[in-house]
$ cat entry28.cif   # mmCIF, C-alpha atoms
data_run
#
loop_
_atom_site.label_atom_id
_atom_site.label_comp_id
_atom_site.auth_asym_id
_atom_site.auth_seq_id
_atom_site.Cartn_x
_atom_site.Cartn_y
_atom_site.Cartn_z
CA MET A 109 4.06 -12.56 -4.23
CA PRO A 110 3.70 -14.04 -0.73
CA GLN A 111 0.79 -16.20 0.29
CA ASP A 112 -0.29 -14.29 3.43
CA LYS A 113 -2.88 -12.20 1.62
CA THR A 114 -6.22 -12.60 -0.09
CA ILE A 115 -7.21 -11.51 -3.60
CA GLU A 116 -10.70 -10.13 -4.04
CA PRO A 117 -12.87 -10.53 -7.13
CA ARG A 118 -12.43 -7.97 -9.90
CA GLN A 119 -15.63 -6.15 -8.96
CA MET A 120 -14.30 -3.46 -6.62
CA ALA A 121 -16.27 -1.27 -4.26
CA ASN A 122 -16.56 2.28 -5.55
CA GLY A 123 -14.85 3.54 -2.41
CA LYS A 124 -11.67 1.65 -3.25
CA LEU A 125 -11.65 2.71 -6.88
CA ALA A 126 -12.03 6.31 -5.69
CA VAL A 127 -8.50 6.03 -4.29
CA LEU A 128 -7.27 5.19 -7.78
CA ARG A 129 -9.38 7.95 -9.35
CA LYS A 130 -7.93 10.62 -7.03
CA HIS A 131 -4.31 9.85 -7.93
CA PRO A 132 -2.79 12.69 -10.02
CA ILE A 133 -1.75 10.22 -12.71
CA PHE A 134 -5.21 8.74 -13.22
CA CYS A 135 -7.53 11.62 -12.28
CA ASP A 136 -7.84 12.97 -15.84
CA LEU A 137 -8.70 9.66 -17.53
CA ASP A 138 -12.07 9.71 -19.26
CA ALA A 139 -14.81 7.50 -17.85
CA GLU A 140 -14.31 4.71 -20.39
CA ALA A 141 -10.53 4.56 -19.88
CA PHE A 142 -10.89 4.59 -16.09
CA GLU A 143 -13.45 1.80 -16.23
CA GLN A 144 -10.95 -0.22 -18.26
CA LEU A 145 -8.22 0.48 -15.70
CA GLY A 146 -10.57 -0.60 -12.91
CA ARG A 147 -11.03 -3.97 -14.60
CA TYR A 148 -7.27 -4.52 -14.52
CA ALA A 149 -6.90 -3.66 -10.81
CA LYS A 150 -6.95 -6.57 -8.36
CA SER A 151 -7.25 -5.88 -4.65
CA ALA A 152 -4.96 -7.63 -2.15
CA THR A 153 -4.88 -7.51 1.65
CA LEU A 154 -1.48 -7.95 3.29
CA LYS A 155 -0.44 -8.47 6.88
CA ARG A 156 2.22 -6.31 8.49
CA GLY A 157 5.69 -7.58 7.56
CA ALA A 158 4.55 -9.42 4.43
CA THR A 159 7.00 -9.29 1.53
CA ILE A 160 5.42 -7.66 -1.51
CA TYR A 161 8.50 -8.12 -3.69
CA SER A 162 12.26 -8.34 -3.23
CA LYS A 163 15.14 -6.54 -4.89
CA GLY A 164 16.00 -8.39 -8.10
CA ASP A 165 12.49 -9.74 -8.69
CA PRO A 166 10.94 -9.14 -12.12
CA GLY A 167 8.89 -5.96 -12.34
CA ASN A 168 5.61 -7.46 -13.46
CA SER A 169 3.10 -5.32 -11.51
CA LEU A 170 2.21 -1.78 -10.46
CA TYR A 171 0.93 -1.24 -6.91
CA VAL A 172 -1.46 1.36 -5.50
CA VAL A 173 -1.88 1.65 -1.72
CA ILE A 174 -5.54 1.73 -0.67
CA SER A 175 -4.93 1.71 3.09
CA GLY A 176 -1.95 1.26 5.39
CA THR A 177 1.70 1.81 4.50
CA ALA A 178 4.25 0.01 2.34
CA LYS A 179 7.99 0.32 2.96
CA MET A 180 10.66 0.57 0.28
CA SER A 181 14.05 -0.51 1.65
CA ILE A 182 17.42 -2.03 0.84
CA SER A 183 19.67 -4.18 3.02
CA SER A 184 23.33 -5.18 3.15
CA PRO A 185 24.73 -8.72 3.52
CA ASP A 186 25.65 -7.96 7.15
CA GLY A 187 22.04 -7.17 8.04
CA ARG A 188 22.03 -3.38 7.93
CA SER A 189 19.01 -1.80 6.27
CA ALA A 190 17.99 1.59 4.94
CA ILE A 191 14.44 2.81 4.33
CA LEU A 192 14.16 4.64 1.02
CA ASN A 193 10.52 5.63 1.27
CA LEU A 194 7.22 4.97 3.00
CA ILE A 195 4.26 4.77 0.63
CA GLY A 196 0.86 5.69 2.06
CA PRO A 197 -2.79 5.58 0.94
CA GLY A 198 -3.38 6.92 -2.55
CA GLU A 199 0.27 6.57 -3.60
CA ILE A 200 1.77 4.14 -6.14
CA PHE A 201 5.00 2.16 -6.19
CA GLY A 202 6.82 -0.35 -8.35
CA GLU A 203 6.65 1.87 -11.43
CA ILE A 204 10.37 1.81 -12.35
CA ALA A 205 10.71 -1.91 -13.06
CA LEU A 206 7.18 -1.97 -14.39
CA LEU A 207 7.99 0.58 -17.10
CA ASP A 208 11.47 -0.55 -18.13
CA GLY A 209 10.87 -4.29 -17.73
CA GLY A 210 13.95 -4.65 -15.51
CA GLU A 211 14.45 -6.02 -12.01
CA ARG A 212 13.08 -4.50 -8.82
CA THR A 213 15.51 -1.92 -7.41
CA ALA A 214 14.51 -2.36 -3.75
CA ASP A 215 12.53 -4.53 -1.34
CA ALA A 216 8.85 -3.70 -0.79
CA THR A 217 7.23 -4.75 2.49
CA ALA A 218 3.87 -4.16 4.15
CA ASN A 219 4.92 -1.77 6.92
CA THR A 220 1.45 -2.07 8.48
CA ASN A 221 -1.57 -4.18 7.69
CA CYS A 222 -2.50 -2.76 4.33
CA GLU A 223 -4.59 -3.14 1.22
CA VAL A 224 -3.29 -2.54 -2.29
CA PHE A 225 -4.36 -2.63 -5.90
CA ILE A 226 -2.16 -4.77 -8.17
CA ILE A 227 -2.13 -4.04 -11.90
CA ASP A 228 -0.35 -6.57 -14.13
CA ARG A 229 2.30 -5.23 -16.52
CA ARG A 230 0.92 -7.26 -19.42
CA GLU A 231 -2.30 -5.26 -19.22
CA PHE A 232 -0.92 -1.95 -18.03
CA ILE A 233 1.76 -1.31 -20.67
CA PRO A 234 -0.68 -1.58 -23.63
CA PHE A 235 -3.07 0.64 -21.66
CA VAL A 236 -0.40 3.34 -21.23
CA ARG A 237 0.43 3.16 -24.94
CA SER A 238 -3.22 3.88 -25.70
CA GLN A 239 -3.18 6.92 -23.37
CA PRO A 240 -0.34 9.29 -24.41
CA ALA A 241 -1.17 11.81 -21.68
CA LEU A 242 -0.73 9.03 -19.11
CA ALA A 243 2.78 8.33 -20.36
CA MET A 244 3.69 11.99 -19.83
CA LYS A 245 2.40 11.85 -16.26
CA PHE A 246 4.60 8.83 -15.56
CA ILE A 247 7.60 10.80 -16.83
CA GLU A 248 6.69 13.54 -14.34
CA LEU A 249 6.38 10.94 -11.56
CA LEU A 250 9.82 9.49 -12.35
CA CYS A 251 11.29 13.00 -12.31
CA ALA A 252 9.74 13.58 -8.88
CA ARG A 253 11.24 10.29 -7.64
CA LEU A 254 14.65 11.37 -8.95
CA ARG A 255 14.39 14.72 -7.17
CA TRP A 256 13.45 12.88 -3.96
CA THR A 257 16.50 10.62 -4.29
CA SER A 258 18.79 13.58 -5.03
CA ASP A 259 17.52 15.36 -1.92
CA GLN A 260 18.19 12.28 0.20
CA VAL A 261 21.75 11.96 -1.12
CA GLU A 262 22.37 15.67 -0.51
CA GLN A 263 21.11 15.45 3.05
CA ILE A 264 23.23 12.41 3.90
CA ILE A 265 26.37 13.98 2.45
CA LEU A 266 26.01 17.61 3.54
CA GLN A 267 23.76 17.75 6.61
CA ASP A 268 24.47 16.80 10.20
CA LEU A 269 22.02 14.74 12.27
CA PRO A 270 19.60 17.58 13.16
CA GLY A 271 19.45 18.66 9.52
CA ARG A 272 18.88 15.14 8.23
CA LEU A 273 16.23 14.40 10.82
CA ALA A 274 14.42 17.71 10.32
CA SER A 275 14.38 17.18 6.53
CA ALA A 276 12.98 13.66 6.92
CA VAL A 277 10.30 14.76 9.38
CA ILE A 278 9.23 17.63 7.10
CA ARG A 279 8.97 15.31 4.08
CA LEU A 280 6.78 12.96 6.08
CA THR A 281 4.56 15.75 7.45
CA GLU A 282 3.85 17.03 3.94
CA ARG A 283 1.59 14.00 3.50
CA HIS A 284 -0.54 14.88 6.53
CA LYS A 285 -2.97 17.74 7.05
CA ALA A 286 -2.38 19.91 10.08
CA THR A 287 -4.86 19.61 12.94
CA GLN A 288 -5.17 21.45 16.21
CA GLY A 289 -3.01 18.78 17.82
CA GLY A 290 -0.29 18.94 15.15
CA ARG A 291 0.70 16.58 12.36
CA ALA A 292 1.00 12.95 13.45
CA ILE A 293 3.48 10.73 11.61
CA ALA A 294 3.02 6.99 12.11
CA ILE A 295 6.66 5.94 12.24
CA THR A 296 8.91 4.35 14.84
CA GLN A 297 12.25 5.81 15.87
CA GLN A 298 13.96 2.71 14.47
CA GLU A 299 12.33 3.29 11.10
CA ILE A 300 13.29 6.95 10.97
CA SER A 301 16.86 6.05 11.99
CA GLU A 302 16.98 3.78 8.93
CA MET A 303 15.77 6.67 6.79
CA VAL A 304 18.45 9.14 7.86
CA GLY A 305 21.34 6.72 8.42
CA MET A 306 21.92 7.36 12.12
CA SER A 307 21.54 5.20 15.23
CA ARG A 308 18.21 4.92 17.02
CA GLU A 309 19.86 6.24 20.18
CA SER A 310 20.98 9.41 18.38
CA ILE A 311 17.52 9.88 16.89
CA ASN A 312 15.89 9.46 20.30
CA LYS A 313 18.21 12.01 21.89
CA GLN A 314 17.53 14.58 19.18
CA LEU A 315 13.77 14.07 19.24
CA ARG A 316 13.69 14.42 23.01
CA ALA A 317 15.59 17.70 22.72
CA TRP A 318 12.97 18.95 20.26
CA ALA A 319 10.17 17.66 22.46
CA SER A 320 11.55 19.71 25.38
CA ARG A 321 11.13 22.80 23.17
CA ASN A 322 7.57 21.78 22.25
CA TRP A 323 8.46 21.37 18.57
CA VAL A 324 7.36 17.72 18.57
CA ARG A 325 5.54 15.29 20.84
CA LEU A 326 6.65 11.67 21.04
CA GLU A 327 4.00 8.96 21.12
CA HIS A 328 4.15 5.18 20.88
CA GLY A 329 4.93 4.43 17.24
CA ALA A 330 4.43 8.04 16.17
CA ILE A 331 5.89 11.55 16.11
CA VAL A 332 3.54 14.54 16.34
CA VAL A 333 4.93 17.75 14.84
CA LEU A 334 3.68 20.71 16.88
CA ASP A 335 5.79 23.50 15.37
CA VAL A 336 7.20 22.94 11.89
CA ALA A 337 8.86 26.36 11.48
CA PRO A 338 12.02 25.68 13.53
CA LEU A 339 12.41 22.30 11.82
CA GLN A 340 12.19 24.01 8.42
CA GLU A 341 14.91 26.44 9.52
CA ILE A 342 17.18 23.57 10.57
CA ALA A 343 16.49 21.66 7.36
CA GLY A 344 17.24 24.75 5.30
CA SER A 345 20.57 25.44 6.97
CA GLY A 346 21.50 21.76 7.24
CA THR A 347 22.47 22.09 10.89
CA GLU A 348 21.07 23.19 14.25
CA SER A 349 22.53 26.22 15.99
CA ASP A 350 23.12 26.07 19.72
#
$ encode --input "entry28.cif" --output "structure tokens"
Amino acid sequence: MPQDKTIEPRQMANGKLAVLRKHPIFCDLDAEAFEQLGRYAKSATLKRGATIYSKGDPGNSLYVVISGTAKMSISSPDGRSAILNLIGPGEIFGEIALLDGGERTADATANTNCEVFIIDRREFIPFVRSQPALAMKFIELLCARLRWTSDQVEQIILQDLPGRLASAVIRLTERHKATQGGRAIAITQQEISEMVGMSRESINKQLRAWASRNWVRLEHGAIVVLDVAPLQEIAGSGTESD
């Protein structure tokens, strides 16, 4: 782990532990088991851009985002990069290498200033073995991750730019509640271009076309979805009709 963060004492504020308690995997733990889990969780604060772990590192910890966003990505030797996922508050990451004891499959970076819980594998694996229902929930989580990956592969292979972009925007909006002003997604156009595998210029052109139809509004470092229905239609068909 990098050094540009601070580790808090094990005594966590109830507000932070509530994030852990609300996660679908941990919400059904009895009070005693959850208290035990809380003793394992260490809180860390990371600055934007900090490396959490790199591809190939040993998978010795599970991470839970308390605030901010973490980025899962891969990069090529020539400097190209692809964003696999953005992990927001209340979500976990690092579970694959944690469970199988293998190497990290991607890079994890603090995409914004963020705070995370870190749970050591040496404590977590025995804990899971003592909670059979928890093991089943992790199987469900891994299945959901596989479905996510399959959808991404399908979109890249079969959809054109509008279809890929619409699918990515819809996936991101599913994490945000609708308000009168729409659903705001904190993401740059460069980041979303790395998610869908197209140039930033192409992404900007497409988003501006949608903005002219009042489907989205472009803000600094964010996209606000005003009308999700036409984007769902494009995502469903895989292309945009003229």
$ residues_around --input "entry28.cif" --residues "range 204-215 of chain A" --least-positions-apart "6" --cutoff "8 Å" --atoms "all atoms listed in the file" --output "MDAnalysis selection string"
chainID A and resid 159:170 179:182 229 233 250
$ atom_distance --input "entry28.cif" --atom1 "CA of Ser275 in chain A" --atom2 "CA of His131 in chain A"
24.7 Å
$ residues_around --input "entry28.cif" --residues "Leu269 in chain A" --least-positions-apart "6" --cutoff "12 Å" --atoms "only C-alpha atoms" --output "list in words"
Gln263, Ser275, Ala276, Ile300, Ser301, Met303, Val304, Gly305, Met306, Ser307, Arg308, Glu309, Ser310, Ile311, Asn312, Lys313, Gln314, Leu315, Ile342, Ala343, Gly346, Thr347 and Glu348 of chain A
$ atom_distance --input "entry28.cif" --atom1 "CA of Val224 in chain A" --atom2 "CA of Val172 in chain A"
5.4 Å
$ residues_around --input "entry28.cif" --residues "Leu242 in chain A" --least-positions-apart "6" --cutoff "12 Å" --atoms "all atoms listed in the file" --output "list in words"
His131, Pro132, Ile133, Phe134, Cys135, Asp136, Leu137, Asp138, Ala141, Phe142, Leu145, Phe232, Ile233, Pro234, Phe235, Val236, Glu248 and Leu249 of chain A
$ closest_residue --input "entry28.cif" --among "A:Thr257, A:Asn322, A:Thr296, A:Thr281" --to "Asn219 in chain A" --atoms "only C-alpha atoms"
A:Thr296
$ atom_distance --input "entry28.cif" --atom1 "CA of Arg188 in chain A" --atom2 "CA of Asp268 in chain A"
20.5 Å
$ resolve_selection --input "entry28.cif" --expression "the PyMOL selection byres ((chain A and resi 323) around 9)" --output "PyMOL selection string"
chain A and resi 318-322+324-325+332-339
$ resolve_selection --input "entry28.cif" --expression "the PyMOL selection byres ((chain A and resi 173) around 12)" --output "VMD selection string"
chain A and resid 124 to 128 131 149 to 154 160 170 to 172 174 to 179 194 to 202 217 to 227
$ closest_residue --input "entry28.cif" --among "A:Gly290, A:Arg255, A:Ala158, A:Val261" --to "Ala216 in chain A" --atoms "all atoms listed in the file"
A:Ala158
$ build_atoms --input "entry28.cif" --residues "range 240-261 of chain A" --atoms "N, CA and C atoms" --output "PDB file, keeping the file's coordinate frame"
ATOM      1  N   PRO A 240      -1.592   8.515 -24.381  1.00  0.00           N
ATOM      2  CA  PRO A 240      -0.340   9.290 -24.410  1.00  0.00           C
ATOM      3  C   PRO A 240      -0.172  10.248 -23.240  1.00  0.00           C
ATOM      4  N   ALA A 241      -1.260  10.865 -22.799  1.00  0.00           N
ATOM      5  CA  ALA A 241      -1.170  11.810 -21.680  1.00  0.00           C
ATOM      6  C   ALA A 241      -0.728  11.087 -20.406  1.00  0.00           C
ATOM      7  N   LEU A 242      -1.114   9.822 -20.274  1.00  0.00           N
ATOM      8  CA  LEU A 242      -0.730   9.030 -19.110  1.00  0.00           C
ATOM      9  C   LEU A 242       0.767   8.785 -19.094  1.00  0.00           C
ATOM     10  N   ALA A 243       1.334   8.537 -20.272  1.00  0.00           N
ATOM     11  CA  ALA A 243       2.780   8.330 -20.360  1.00  0.00           C
ATOM     12  C   ALA A 243       3.535   9.568 -19.899  1.00  0.00           C
ATOM     13  N   MET A 244       3.050  10.754 -20.260  1.00  0.00           N
ATOM     14  CA  MET A 244       3.690  11.990 -19.830  1.00  0.00           C
ATOM     15  C   MET A 244       3.624  12.143 -18.308  1.00  0.00           C
ATOM     16  N   LYS A 245       2.525  11.746 -17.719  1.00  0.00           N
ATOM     17  CA  LYS A 245       2.400  11.850 -16.260  1.00  0.00           C
ATOM     18  C   LYS A 245       3.360  10.892 -15.559  1.00  0.00           C
ATOM     19  N   PHE A 246       3.632   9.745 -16.150  1.00  0.00           N
ATOM     20  CA  PHE A 246       4.600   8.830 -15.560  1.00  0.00           C
ATOM     21  C   PHE A 246       6.015   9.404 -15.655  1.00  0.00           C
ATOM     22  N   ILE A 247       6.301  10.122 -16.736  1.00  0.00           N
ATOM     23  CA  ILE A 247       7.600  10.800 -16.830  1.00  0.00           C
ATOM     24  C   ILE A 247       7.732  11.814 -15.704  1.00  0.00           C
ATOM     25  N   GLU A 248       6.673  12.565 -15.434  1.00  0.00           N
ATOM     26  CA  GLU A 248       6.690  13.540 -14.340  1.00  0.00           C
ATOM     27  C   GLU A 248       6.880  12.851 -12.995  1.00  0.00           C
ATOM     28  N   LEU A 249       6.232  11.691 -12.809  1.00  0.00           N
ATOM     29  CA  LEU A 249       6.380  10.940 -11.560  1.00  0.00           C
ATOM     30  C   LEU A 249       7.826  10.481 -11.377  1.00  0.00           C
ATOM     31  N   LEU A 250       8.429   9.957 -12.434  1.00  0.00           N
ATOM     32  CA  LEU A 250       9.820   9.490 -12.350  1.00  0.00           C
ATOM     33  C   LEU A 250      10.756  10.652 -12.053  1.00  0.00           C
ATOM     34  N   CYS A 251      10.478  11.822 -12.618  1.00  0.00           N
ATOM     35  CA  CYS A 251      11.290  13.000 -12.310  1.00  0.00           C
ATOM     36  C   CYS A 251      11.159  13.376 -10.833  1.00  0.00           C
ATOM     37  N   ALA A 252       9.952  13.277 -10.303  1.00  0.00           N
ATOM     38  CA  ALA A 252       9.740  13.580  -8.880  1.00  0.00           C
ATOM     39  C   ALA A 252      10.493  12.584  -8.006  1.00  0.00           C
ATOM     40  N   ARG A 253      10.498  11.303  -8.397  1.00  0.00           N
ATOM     41  CA  ARG A 253      11.240  10.290  -7.640  1.00  0.00           C
ATOM     42  C   ARG A 253      12.739  10.607  -7.667  1.00  0.00           C
ATOM     43  N   LEU A 254      13.231  11.040  -8.830  1.00  0.00           N
ATOM     44  CA  LEU A 254      14.650  11.370  -8.950  1.00  0.00           C
ATOM     45  C   LEU A 254      15.010  12.556  -8.072  1.00  0.00           C
ATOM     46  N   ARG A 255      14.149  13.565  -8.041  1.00  0.00           N
ATOM     47  CA  ARG A 255      14.390  14.720  -7.170  1.00  0.00           C
ATOM     48  C   ARG A 255      14.427  14.296  -5.700  1.00  0.00           C
ATOM     49  N   TRP A 256      13.496  13.405  -5.335  1.00  0.00           N
ATOM     50  CA  TRP A 256      13.450  12.880  -3.960  1.00  0.00           C
ATOM     51  C   TRP A 256      14.764  12.192  -3.613  1.00  0.00           C
ATOM     52  N   THR A 257      15.240  11.346  -4.521  1.00  0.00           N
ATOM     53  CA  THR A 257      16.500  10.620  -4.290  1.00  0.00           C
ATOM     54  C   THR A 257      17.670  11.586  -4.199  1.00  0.00           C
ATOM     55  N   SER A 258      17.710  12.596  -5.061  1.00  0.00           N
ATOM     56  CA  SER A 258      18.790  13.580  -5.030  1.00  0.00           C
ATOM     57  C   SER A 258      18.797  14.334  -3.704  1.00  0.00           C
ATOM     58  N   ASP A 259      17.609  14.677  -3.209  1.00  0.00           N
ATOM     59  CA  ASP A 259      17.520  15.360  -1.920  1.00  0.00           C
ATOM     60  C   ASP A 259      18.050  14.478  -0.797  1.00  0.00           C
ATOM     61  N   GLN A 260      17.712  13.192  -0.836  1.00  0.00           N
ATOM     62  CA  GLN A 260      18.190  12.280   0.200  1.00  0.00           C
ATOM     63  C   GLN A 260      19.706  12.175   0.188  1.00  0.00           C
ATOM     64  N   VAL A 261      20.296  12.050  -1.002  1.00  0.00           N
ATOM     65  CA  VAL A 261      21.750  11.960  -1.120  1.00  0.00           C
ATOM     66  C   VAL A 261      22.397  13.242  -0.594  1.00  0.00           C
TER      67      VAL A 261
END
